[in-house]
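So this one's start.txt, compact mmCIF, C-alpha atoms:
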```txt
# COMPACT_ATOMS: atom_id res chain seq x y z
CA MET A 1 4.63 -86.56 52.55
CA ASN A 2 7.57 -84.31 51.65
CA PRO A 3 10.14 -84.54 54.47
CA GLY A 4 11.90 -81.28 53.60
CA LEU A 5 8.65 -79.37 53.24
CA ASP A 6 7.23 -80.84 56.46
CA ALA A 7 10.39 -80.01 58.39
CA ARG A 8 10.21 -76.40 57.23
CA ARG A 9 6.50 -76.20 58.03
CA ALA A 10 7.13 -77.65 61.50
CA ALA A 11 9.85 -75.06 62.13
CA VAL A 12 7.52 -72.19 61.19
CA ARG A 13 4.64 -73.47 63.30
CA ALA A 14 6.90 -74.15 66.29
CA LEU A 15 8.32 -70.62 66.07
CA LYS A 16 4.79 -69.24 66.05
CA PHE A 17 4.17 -71.08 69.36
CA VAL A 18 7.45 -69.81 70.81
CA LEU A 19 6.97 -66.16 69.89
CA GLU A 20 3.23 -65.81 70.41
CA SER A 21 2.60 -68.16 73.34
CA ARG A 22 6.05 -67.95 75.00
CA THR A 23 6.40 -71.72 74.70
CA ALA A 24 9.81 -73.41 74.94
CA LEU A 25 11.07 -74.56 71.54
CA ASP A 26 11.16 -78.29 72.24
CA ALA A 27 7.65 -78.18 73.72
CA ALA A 28 6.46 -76.17 70.71
CA LEU A 29 7.93 -78.68 68.28
CA SER A 30 6.31 -81.59 70.14
CA GLN A 31 2.92 -79.90 69.63
CA THR A 32 3.42 -79.67 65.86
CA PRO A 33 1.74 -82.58 63.97
CA GLU A 34 4.36 -82.70 61.21
CA PHE A 35 7.17 -82.96 63.75
CA VAL A 36 5.61 -85.85 65.64
CA ARG A 37 5.45 -88.11 62.57
CA MET A 38 8.90 -87.27 61.16
CA GLU A 39 11.99 -89.45 61.07
CA SER A 40 14.80 -88.45 63.46
CA ARG A 41 16.87 -86.80 60.72
CA ASP A 42 13.98 -84.58 59.63
CA LYS A 43 13.18 -83.69 63.24
CA ALA A 44 16.77 -82.57 63.66
CA PHE A 45 16.48 -80.42 60.52
CA ALA A 46 13.26 -78.79 61.75
CA ARG A 47 14.82 -78.01 65.11
CA LEU A 48 17.98 -76.68 63.48
CA ILE A 49 15.97 -74.27 61.32
CA ALA A 50 13.92 -73.02 64.27
CA ALA A 51 16.90 -72.73 66.62
CA THR A 52 19.02 -70.92 64.03
CA THR A 53 16.19 -68.48 63.33
CA LEU A 54 16.01 -67.66 67.03
CA ARG A 55 19.79 -67.41 67.45
CA ARG A 56 20.26 -65.16 64.41
CA ARG A 57 17.04 -63.16 64.62
CA GLY A 58 18.69 -59.73 64.72
CA GLN A 59 20.83 -60.42 61.66
CA ILE A 60 17.85 -61.91 59.83
CA HIS A 61 15.73 -58.85 60.62
CA ALA A 62 18.49 -56.54 59.38
CA VAL A 63 18.69 -58.41 56.07
CA LEU A 64 14.93 -58.61 55.51
CA SER A 65 14.45 -54.95 56.43
CA ALA A 66 16.88 -54.00 53.65
CA PHE A 67 14.68 -55.71 51.06
CA LEU A 68 11.19 -54.97 52.41
CA GLU A 69 9.78 -51.52 51.69
CA HIS A 70 7.25 -51.99 54.50
CA ASP A 71 6.98 -54.56 57.25
CA LEU A 72 4.36 -57.23 56.62
CA PRO A 73 0.94 -56.54 58.13
CA HIS A 74 -0.42 -58.61 60.98
CA HIS A 75 -2.92 -60.37 58.69
CA ALA A 76 0.01 -61.80 56.68
CA GLY A 77 -0.07 -64.73 59.10
CA GLU A 78 2.93 -67.02 58.71
CA ALA A 79 4.46 -65.01 55.85
CA ARG A 80 6.95 -63.23 58.12
CA LEU A 81 8.12 -66.51 59.70
CA LEU A 82 8.41 -68.11 56.27
CA LEU A 83 10.75 -65.28 55.31
CA GLU A 84 12.75 -65.56 58.54
CA THR A 85 13.20 -69.34 58.44
CA ALA A 86 14.12 -69.32 54.74
CA ALA A 87 16.61 -66.50 55.35
CA ALA A 88 18.12 -68.52 58.22
CA GLN A 89 18.68 -71.42 55.82
CA ILE A 90 20.13 -69.23 53.07
CA LEU A 91 22.45 -67.21 55.31
CA PHE A 92 23.54 -69.61 58.03
CA LEU A 93 22.81 -73.24 57.09
CA ASP A 94 24.17 -75.48 54.38
CA THR A 95 20.85 -75.43 52.54
CA LYS A 96 20.73 -75.03 48.77
CA PRO A 97 19.36 -71.50 48.25
CA HIS A 98 16.90 -72.50 45.54
CA ALA A 99 15.42 -75.17 47.83
CA ALA A 100 14.96 -72.69 50.69
CA VAL A 101 13.28 -70.19 48.35
CA SER A 102 11.04 -72.61 46.45
CA GLU A 103 9.80 -74.44 49.53
CA ALA A 104 9.07 -71.19 51.38
CA VAL A 105 6.96 -70.12 48.40
CA THR A 106 5.23 -73.51 48.31
CA LEU A 107 4.40 -73.26 52.00
CA ALA A 108 3.08 -69.73 51.52
CA LYS A 109 0.74 -70.93 48.75
CA THR A 110 -0.76 -73.53 51.11
CA SER A 111 -1.45 -70.95 53.84
CA VAL A 112 -4.77 -69.09 53.90
CA ASP A 113 -3.19 -65.88 55.15
CA ALA A 114 0.26 -66.07 53.56
CA LYS A 115 -0.65 -67.16 50.03
CA ARG A 116 -1.29 -63.58 48.85
CA PHE A 117 2.33 -62.80 49.83
CA ALA A 118 3.89 -65.73 47.92
CA GLY A 119 5.19 -63.46 45.16
CA LEU A 120 6.69 -61.03 47.65
CA ILE A 121 8.35 -63.89 49.55
CA ASN A 122 9.90 -65.17 46.33
CA ALA A 123 11.21 -61.72 45.35
CA VAL A 124 12.62 -60.86 48.78
CA LEU A 125 14.34 -64.21 49.24
CA ARG A 126 16.02 -63.95 45.85
CA LYS A 127 17.49 -60.65 47.01
CA VAL A 128 18.60 -62.35 50.23
CA VAL A 129 20.41 -64.98 48.15
CA ALA A 130 22.13 -62.32 46.04
CA ASN A 131 23.02 -59.69 48.64
CA GLY A 132 22.03 -60.81 52.10
CA HIS A 133 25.32 -62.24 53.34
CA ASP A 134 27.15 -58.90 53.41
CA ILE A 135 24.36 -57.29 55.45
CA ALA A 136 24.29 -60.21 57.90
CA GLU A 137 28.06 -60.09 58.39
CA ALA A 138 27.97 -56.33 58.99
CA THR A 139 25.33 -56.66 61.74
CA PRO A 140 26.73 -56.86 65.31
CA LEU A 141 26.13 -60.30 66.78
CA SER A 142 24.71 -58.70 69.92
CA ASP A 143 21.81 -57.45 67.77
CA ASN A 144 20.57 -61.05 67.84
CA LEU A 145 19.63 -60.50 71.50
CA PRO A 146 16.34 -58.86 72.52
CA ASN A 147 16.89 -55.23 73.51
CA TRP A 148 16.11 -55.77 77.20
CA LEU A 149 18.61 -58.61 77.46
CA ARG A 150 21.41 -56.92 75.53
CA GLU A 151 21.06 -53.72 77.56
CA SER A 152 21.02 -55.54 80.91
CA TRP A 153 24.13 -57.55 79.98
CA GLN A 154 25.96 -54.48 78.74
CA ALA A 155 25.28 -52.78 82.07
CA ALA A 156 26.52 -55.83 84.00
CA TYR A 157 29.46 -57.02 81.89
CA GLY A 158 30.34 -54.30 79.38
CA ALA A 159 29.74 -54.10 75.63
CA GLN A 160 32.88 -56.04 74.67
CA THR A 161 31.99 -59.05 76.84
CA VAL A 162 28.43 -59.02 75.47
CA GLU A 163 29.78 -59.24 71.91
CA GLN A 164 31.96 -62.18 73.00
CA ILE A 165 28.97 -63.89 74.62
CA ALA A 166 26.87 -63.26 71.52
CA ALA A 167 29.57 -64.84 69.35
CA VAL A 168 29.29 -68.06 71.37
CA VAL A 169 25.52 -68.33 71.72
CA VAL A 170 24.89 -68.15 67.96
CA ARG A 171 26.84 -71.38 67.48
CA ASP A 172 25.43 -74.88 67.79
CA PRO A 173 26.48 -76.22 71.20
CA PRO A 174 28.52 -79.39 71.73
CA LEU A 175 27.34 -82.42 73.67
CA ASP A 176 28.60 -82.45 77.27
CA VAL A 177 28.31 -85.57 79.39
CA THR A 178 28.94 -86.33 83.04
CA LEU A 179 30.24 -89.77 83.93
CA LYS A 180 28.79 -91.92 86.68
CA SER A 181 32.31 -93.05 87.47
CA LEU A 182 34.86 -90.28 86.98
CA GLY A 183 37.66 -92.82 87.04
CA GLU A 184 36.49 -94.15 83.66
CA SER A 185 37.00 -90.87 81.78
CA GLY A 186 39.73 -92.27 79.54
CA GLN A 187 37.61 -95.24 78.47
CA TRP A 188 34.51 -93.18 77.70
CA ALA A 189 36.39 -90.30 76.08
CA ASP A 190 37.65 -92.78 73.49
CA ALA A 191 34.31 -94.56 73.10
CA LEU A 192 32.42 -91.30 72.57
CA GLY A 193 35.06 -89.58 70.47
CA SER A 194 35.17 -86.76 72.99
CA GLU A 195 37.69 -84.63 74.89
CA ARG A 196 37.99 -84.24 78.64
CA LEU A 197 37.45 -80.70 79.89
CA PRO A 198 39.49 -79.40 82.84
CA THR A 199 36.55 -79.90 85.26
CA GLY A 200 36.03 -83.54 84.22
CA THR A 201 33.13 -83.18 81.80
CA LEU A 202 33.48 -85.02 78.49
CA ARG A 203 32.69 -82.91 75.41
CA LYS A 204 31.73 -84.20 71.97
CA SER A 205 31.60 -81.67 69.14
CA GLU A 206 28.15 -82.64 67.88
CA ILE A 207 25.04 -83.68 69.79
CA GLY A 208 23.16 -86.02 67.43
CA ASP A 209 20.93 -88.76 68.86
CA VAL A 210 22.37 -89.30 72.35
CA THR A 211 20.35 -92.48 72.88
CA GLN A 212 22.42 -94.21 70.18
CA LEU A 213 25.80 -93.39 71.71
CA PRO A 214 27.90 -95.97 73.57
CA GLY A 215 27.14 -96.07 77.27
CA PHE A 216 23.72 -94.39 77.17
CA VAL A 217 21.59 -97.50 77.59
CA GLU A 218 24.01 -98.85 80.20
CA GLY A 219 23.64 -95.60 82.16
CA ALA A 220 27.37 -94.86 82.23
CA TRP A 221 26.78 -91.13 81.69
CA TRP A 222 24.16 -88.45 81.21
CA ALA A 223 23.99 -85.29 79.12
CA GLN A 224 24.77 -82.20 81.20
CA ASP A 225 26.45 -78.93 80.28
CA ALA A 226 29.88 -78.45 81.84
CA GLY A 227 28.60 -75.37 83.67
CA ALA A 228 25.63 -77.24 85.10
CA ALA A 229 27.96 -79.91 86.51
CA ILE A 230 29.99 -77.45 88.60
CA PRO A 231 27.52 -76.72 91.47
CA ALA A 232 27.32 -80.36 92.57
CA MET A 233 31.08 -80.68 92.18
CA LEU A 234 31.56 -77.72 94.54
CA LEU A 235 29.10 -79.16 97.08
CA ASP A 236 31.39 -82.22 97.28
CA ALA A 237 28.84 -84.64 98.75
CA GLN A 238 30.40 -87.44 100.78
CA PRO A 239 29.35 -91.09 101.17
CA GLY A 240 26.70 -91.46 103.86
CA GLU A 241 25.83 -87.77 104.09
CA ASP A 242 22.18 -86.73 103.99
CA VAL A 243 21.98 -84.48 100.94
CA LEU A 244 19.05 -82.58 99.43
CA ASP A 245 18.77 -81.55 95.79
CA LEU A 246 16.23 -78.76 96.03
CA CYS A 247 14.53 -78.05 92.66
CA ALA A 248 16.05 -81.22 91.24
CA ALA A 249 14.49 -81.72 87.80
CA PRO A 250 15.59 -82.73 85.22
CA GLY A 251 18.03 -84.54 87.48
CA GLY A 252 21.61 -84.17 86.27
CA LYS A 253 22.74 -82.80 89.63
CA THR A 254 20.77 -85.47 91.48
CA LEU A 255 22.69 -88.12 89.55
CA GLN A 256 26.00 -86.47 90.45
CA LEU A 257 25.09 -86.40 94.14
CA ALA A 258 23.83 -90.00 94.10
CA ALA A 259 27.02 -91.16 92.38
CA SER A 260 28.99 -89.85 95.37
CA GLY A 261 27.40 -92.42 97.67
CA ALA A 262 25.41 -89.84 99.64
CA ASN A 263 21.85 -90.44 100.85
CA VAL A 264 20.10 -88.16 98.37
CA THR A 265 16.62 -86.66 98.47
CA ALA A 266 15.57 -85.11 95.15
CA LEU A 267 12.72 -82.62 95.37
CA ASP A 268 10.83 -80.68 92.73
CA ALA A 269 7.43 -79.00 92.66
CA SER A 270 6.45 -80.63 89.35
CA PRO A 271 5.38 -84.32 89.50
CA LYS A 272 5.83 -84.55 85.72
CA ARG A 273 9.41 -83.30 85.92
CA MET A 274 10.12 -85.59 88.87
CA ARG A 275 9.13 -88.57 86.73
CA ARG A 276 12.00 -87.65 84.44
CA VAL A 277 14.37 -87.63 87.43
CA SER A 278 13.14 -91.11 88.38
CA GLU A 279 13.66 -92.34 84.82
CA ASN A 280 17.22 -91.05 84.80
CA LEU A 281 17.94 -92.71 88.14
CA THR A 282 16.60 -96.01 86.81
CA ARG A 283 18.68 -95.81 83.62
CA THR A 284 21.89 -95.08 85.51
CA GLY A 285 21.24 -97.54 88.35
CA LEU A 286 21.59 -94.78 90.95
CA LYS A 287 19.39 -94.26 93.99
CA ALA A 288 17.65 -91.23 95.47
CA THR A 289 14.40 -90.56 97.27
CA CYS A 290 12.14 -88.57 94.94
CA VAL A 291 9.66 -86.08 96.38
CA SER A 292 7.16 -83.80 94.63
CA ALA A 293 6.59 -80.76 96.83
CA ASP A 294 7.06 -77.00 97.02
CA GLY A 295 10.64 -76.42 98.15
CA GLN A 296 9.72 -73.06 99.68
CA PHE A 297 7.89 -74.78 102.54
CA TRP A 298 8.81 -78.48 102.60
CA GLY A 299 10.80 -80.41 105.17
CA ASP A 300 11.86 -80.66 108.80
CA GLU A 301 14.36 -78.30 110.35
CA ALA A 302 18.05 -79.31 110.38
CA SER A 303 17.55 -82.49 108.32
CA PHE A 304 20.50 -82.37 105.91
CA ASP A 305 24.29 -82.20 105.94
CA ALA A 306 24.45 -80.55 102.52
CA ILE A 307 21.94 -78.94 100.17
CA LEU A 308 22.12 -77.99 96.50
CA LEU A 309 19.67 -75.27 95.46
CA ASP A 310 19.45 -74.70 91.71
CA ALA A 311 16.68 -72.13 91.92
CA PRO A 312 14.10 -71.44 89.20
CA CYS A 313 15.29 -68.49 87.13
CA SER A 314 15.07 -66.75 83.77
CA ALA A 315 17.62 -69.22 82.31
CA THR A 316 19.31 -66.46 80.30
CA GLY A 317 22.65 -68.22 80.73
CA THR A 318 21.50 -71.19 78.64
CA LEU A 319 21.00 -69.55 75.24
CA ARG A 320 23.62 -71.85 73.69
CA ARG A 321 21.27 -74.77 74.27
CA ARG A 322 17.95 -72.95 74.65
CA PRO A 323 17.81 -70.07 72.16
CA ASP A 324 14.10 -69.69 72.89
CA ALA A 325 14.89 -68.45 76.42
CA ALA A 326 15.87 -65.05 75.01
CA TRP A 327 12.43 -64.61 73.46
CA ILE A 328 10.02 -66.18 75.96
CA LYS A 329 11.35 -64.30 78.99
CA ASN A 330 11.49 -60.59 79.89
CA GLU A 331 12.27 -58.24 82.76
CA THR A 332 8.91 -58.98 84.40
CA ASP A 333 9.78 -62.67 84.61
CA VAL A 334 13.04 -61.85 86.38
CA ASP A 335 11.23 -59.68 88.92
CA SER A 336 8.56 -62.32 89.57
CA LEU A 337 11.14 -65.04 90.28
CA ILE A 338 13.14 -63.10 92.87
CA PRO A 339 10.72 -63.73 95.81
CA ILE A 340 10.70 -67.45 95.01
CA GLN A 341 14.49 -67.60 94.93
CA GLU A 342 14.70 -65.79 98.26
CA ALA A 343 12.10 -68.08 99.88
CA LEU A 344 13.94 -71.18 98.65
CA MET A 345 17.24 -69.97 100.09
CA ALA A 346 15.57 -69.24 103.42
CA ASN A 347 14.00 -72.70 103.59
CA ALA A 348 17.26 -74.37 102.55
CA THR A 349 18.94 -72.61 105.46
CA ARG A 350 16.26 -73.90 107.82
CA LEU A 351 16.69 -77.47 106.53
CA LEU A 352 20.48 -77.42 106.91
CA ARG A 353 22.19 -78.79 110.00
CA PRO A 354 24.63 -76.51 111.85
CA GLY A 355 27.96 -76.60 110.04
CA GLY A 356 26.26 -77.90 106.91
CA ARG A 357 27.06 -76.80 103.35
CA LEU A 358 24.73 -75.03 100.93
CA VAL A 359 25.47 -74.40 97.27
CA VAL A 360 23.06 -71.99 95.58
CA CYS A 361 23.03 -71.40 91.84
CA THR A 362 20.99 -70.10 88.92
CA CYS A 363 21.57 -70.58 85.19
CA SER A 364 20.99 -66.87 84.67
CA LEU A 365 23.25 -64.00 83.63
CA GLN A 366 21.01 -61.47 85.37
CA PRO A 367 22.78 -60.07 88.47
CA GLU A 368 19.40 -59.80 90.23
CA GLU A 369 19.26 -63.59 90.15
CA GLY A 370 22.89 -64.05 91.16
CA GLU A 371 25.19 -61.57 92.85
CA SER A 372 22.30 -59.50 94.23
CA TRP A 373 20.43 -62.64 95.32
CA LEU A 374 23.44 -63.74 97.35
CA GLU A 375 23.84 -60.28 98.86
CA ARG A 376 20.20 -60.24 99.95
CA GLY A 377 20.49 -63.76 101.36
CA LEU A 378 23.53 -62.97 103.47
CA GLU A 379 21.82 -59.84 104.77
CA HIS A 380 18.58 -61.55 105.80
CA LEU A 381 19.92 -65.00 106.80
CA PRO A 382 22.53 -64.36 109.50
CA ASP A 383 23.12 -68.10 110.01
CA LEU A 384 24.80 -68.26 106.60
CA GLU A 385 28.40 -67.39 105.78
CA LEU A 386 30.29 -67.62 102.50
CA ASP A 387 32.60 -70.57 101.94
CA PRO A 388 34.77 -69.15 99.13
CA VAL A 389 35.55 -71.29 96.10
CA ARG A 390 39.30 -71.71 95.61
CA VAL A 391 41.13 -71.37 92.32
CA VAL A 392 42.32 -74.98 92.50
CA GLU A 393 38.70 -76.16 92.47
CA LEU A 394 37.96 -74.67 89.03
CA PRO A 395 40.94 -75.40 86.79
CA GLU A 396 41.21 -73.07 83.80
CA LEU A 397 38.20 -71.09 85.04
CA GLU A 398 40.03 -68.72 87.37
CA PRO A 399 38.40 -65.57 85.86
CA ALA A 400 35.01 -66.96 86.91
CA ILE A 401 35.87 -66.71 90.63
CA LEU A 402 34.78 -63.35 92.02
CA GLU A 403 36.55 -61.44 94.75
CA ASN A 404 34.27 -62.82 97.47
CA GLY A 405 34.75 -66.43 96.32
CA SER A 406 31.44 -66.84 94.51
CA VAL A 407 31.44 -67.89 90.86
CA ARG A 408 30.15 -66.12 87.75
CA LEU A 409 30.31 -68.20 84.59
CA THR A 410 29.60 -66.46 81.29
CA PRO A 411 29.14 -68.32 77.97
CA ASP A 412 32.27 -66.79 76.41
CA MET A 413 34.50 -68.62 78.90
CA TRP A 414 36.15 -71.57 77.15
CA ALA A 415 35.04 -70.03 73.85
CA ASP A 416 37.82 -71.91 72.07
CA LYS A 417 36.38 -75.15 73.44
CA GLY A 418 32.75 -74.36 72.56
CA GLY A 419 31.77 -72.15 75.50
CA ILE A 420 29.89 -72.97 78.69
CA ASP A 421 26.44 -72.19 80.07
CA GLY A 422 26.17 -69.04 82.14
CA PHE A 423 25.76 -69.65 85.89
CA PHE A 424 26.00 -67.88 89.19
CA ILE A 425 27.20 -70.18 92.00
CA ALA A 426 27.94 -69.54 95.65
CA ARG A 427 28.94 -71.97 98.40
CA LEU A 428 27.87 -71.21 101.97
CA ARG A 429 27.98 -72.79 105.41
CA LYS A 430 25.49 -72.64 108.24
CA ARG A 431 27.12 -71.40 111.39
CA GLY A 432 27.35 -74.05 114.11
```
Here is the file; what I need is its structure written in the form of structure tokens.
Amino acid sequence: MNPGLDARRAAVRALKFVLESRTALDAALSQTPEFVRMESRDKAFARLIAATTLRRRGQIHAVLSAFLEHDLPHHAGEARLLLETAAAQILFLDTKPHAAVSEAVTLAKTSVDAKRFAGLINAVLRKVVANGHDIAEATPLSDNLPNWLRESWQAAYGAQTVEQIAAVVVRDPPLDVTLKSLGESGQWADALGSERLPTGTLRKSEIGDVTQLPGFVEGAWWAQDAGAAIPAMLLDAQPGEDVLDLCAAPGGKTLQLAASGANVTALDASPKRMRRVSENLTRTGLKATCVSADGQFWGDEASFDAILLDAPCSATGTLRRRPDAAWIKNETDVDSLIPIQEALMANATRLLRPGGRLVVCTCSLQPEEGESWLERGLEHLPDLELDPVRVVELPELEPAILENGSVRLTPDMWADKGGIDGFFIARLRKRG
């Protein structure tokens, strides 16, 4: 067993799953035999190669196109991905160039389809080593986004903002954690070697193996992007309130709500994903009632004081942490999710008691799944009215608050601190 070779092979095979079967990167890696038997350090290397290749795909394509007279034919098999992953190592990772080249060639020679291209791979990668960096640096970072995504963001936010977003999402994200007890932020900031963000999240510069960090086993905190922590914060669940987390998995928001002392029901359509919520509740010692059901239809009318709806979406706001999302989703996916989002908002309204609070959110940068979703909801659900978010509630995120009091987070916000996941968030009340 050659750990470096196996890590590179796992990265190539996982990328093949991602790009051909539209499989999420972590799921693709878990289906790769080499990855399963690796040590933690080699697993991290395999994931880093694959994630970097996805994040920097436009720059990598620009470099390879400069040194390939013709694109590789379909029957070349893994040859193209061997070139892409080796180029990612040469251009963007601290990998010794000769190791990236030689092991890509070795992997090609062991592949039925790619072995006839081993000589070409060697020649092209040597040119990448010699002259690839200048081409990569001259390529706009927004070229790393699929065309459909870049064009939709440019229409919504402008070309300059898209370049700023692209500059953030190509970087490895930090580790963000939410504390079970916010009053212990000083203690855990020191223990974790982290800083406290203005909204209360603790941020550590590198992720690593979270299970080995202080406080994980004790359940003092859980990993959760700073942006993902804001919806539950804005719902402001109170002790004794009946609160529903609609579409709860993987459970970070459920844990926030349970930590408030509210009577929490966590619901998700996937029993498998709900098991993860239960595991997180057990680890942290928090309590919630877990239900596996379709949130579009479940529940009795006027059952809850407050509801958090984090609706299923294209997840295009999460590219910092999920670079695969850019490549496994498309415009059709966005269109297909809109009816589900609308049905969930309608049922949440039905489940809410008069005067109750509803926070809706999506981790998407697509306006169809955010601003337009809210507009449609207010038009078709006359019982709902906006409860505007105030500037004081989002310290140092004032630009995220829109004119109507809803919230639009984009990844370039807090760029100097490592960015933040993209979210649309709106707080509403049900008329009494």
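A straight line drawn from CA of Thr284 in chain A to CA of Val264 in chain A is 14.7 Å long.
Between CA of Asp324 in chain A and CA of Val18 in chain A there is a distance of 7.0 Å.
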Would you mind listing what lies within 10 Å of Trp298 in chain A as an MDAnalysis selection string, with all atoms listed in the file counted and same-chain residues fewer than 2 positions away left out?
chainID A and resid 246 267 291:296 300:301 344 347:348 351
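The interatomic distance for the pair CA of Ala306 in chain A and CA of Arg353 in chain A works out to 8.0 Å.
Of the residues listed (A:Leu54, A:Ala79, A:Trp221, A:Val129), A:Trp221 shows the shortest atom-to-atom separation from Ala191 in chain A; distances use all atoms listed in the file.
Distances here use all atoms listed in the file; by that measure, the residue among A:Ala11, A:Phe423, A:Ala346, A:Val392 closest to Glu84 in chain A is A:Ala11.
Between Leu397 in chain A and the residues A:Ile328, A:Val210, A:Ile230, A:Leu384, the shortest atom-to-atom distance, using all atoms listed in the file, involves A:Ile230.
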